[in-house]
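Q: Please find one structure pasted underneath; my questions will follow.
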Amino acid sequence: MRQDQHRFTIHTHGKALYEFTDEVADWLAETGIESGMLTLFCRHTSASLLINENAASAVQRDLLRWLDKAVPEGNHYEHDSEGPDDMPAHIRTMLTGASLNVPVGGGRMLLGTWQGLYLAEHRSASHSREIIAHIIGE
């Protein structure tokens, strides 16, 4: 068994979904690992990771609108140290998750035809987000 690890930095510009599938695919190819399991972990409590459709941009817009309706901003949260989007960002992260597992075969991620990897930025301000990638396999 072999392993490799990499840290990706994604610069965000407010609430949005930021696709990073190609960056992970390029790094994975460099590892030379053909078969195994890829784990991705977001090192933040107000951003999360998603696997979702990457063909129709309406999907991303609909997801963001749904999250805004499901977890609205407002003054009804006790935790608001960094503003009105602070606690809603934490809840959205809890709902969507901080880690993903993706099987690897033939030296590439075994994602479906229309699947892509996304960082979901849940804060209004710009941030630099770190994602740790770890591959174990042969």
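By order in the structure tokens, chains are A, B, ...; within a chain, residues start at 1; ligands start at 1, following the order shown.
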What lies within 12 Å of region 88-91 of chain A using only C-alpha atoms, ignoring chain neighbours under 3 positions off, as a PyMOL selection string?
A: chain A and resi 14-16+44-48+64+67-85+94-98+120-125
Q: DSSP on the backbone, then: every residue of region 4-125 of chain A marked strand (DSSP E), written as JSON, numbers by chain.
A: {"A": [4, 5, 6, 7, 8, 9, 10, 11, 12, 13, 16, 17, 18, 19, 36, 37, 38, 39, 40, 41, 42, 47, 48, 49, 50, 51, 52, 53, 99, 100, 101, 102, 103, 104, 105, 108, 109, 115, 116, 117, 118, 119, 120, 121]}
Q: Skipping near chain neighbours, those fewer than 3 positions away, what residues fall within 7 Å of Phe20 (chain A) using only C-alpha atoms, listed as a list in words?
A: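 Those residues are Glu23, Val24, Leu117 and Tyr118 of chain A.
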Q: Please write the residues from the selection above to a file, keeping C-alpha atoms, as a PDB file, in the first residue's frame.
A:
```pdb
ATOM      1  CA  GLU A  23      -7.160  20.168  -9.415  1.00  0.00           C
ATOM      2  CA  VAL A  24      -7.714  16.941  -7.471  1.00  0.00           C
ATOM      3  CA  LEU A 117     -16.190  18.123  -6.332  1.00  0.00           C
ATOM      4  CA  TYR A 118     -17.208  21.429  -4.776  1.00  0.00           C
TER       5      TYR A 118
END
```
Q: Please report, as JSON, numbers by chain, each residue of chain A to which DSSP assigns alpha helix (DSSP H) when run on this structure's backbone.
A: {"A": [21, 22, 23, 24, 25, 26, 27, 28, 29, 30, 31, 57, 58, 59, 60, 61, 62, 63, 64, 65, 66, 67, 68, 69, 70, 86, 87, 88, 89, 90, 91, 92, 93, 94, 95, 96]}
Q: So which residues touch region 132-137 of chain A within 12 Å, counting only C-alpha atoms, skipping near sequence neighbours fewer than 6 positions away, as an MDAnalysis selection string?
A: chainID A and resid 1:10 20:21 23:25 27:44 49 98:109 119
Q: Between A:Ser128, A:Ser57, A:Asn52, A:Thr93, single out the one closest to Gln115 (chain A), counting only C-alpha atoms.
A: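 Once distances to Gln115 (chain A) are computed over only C-alpha atoms, the minimum belongs to A:Asn52.
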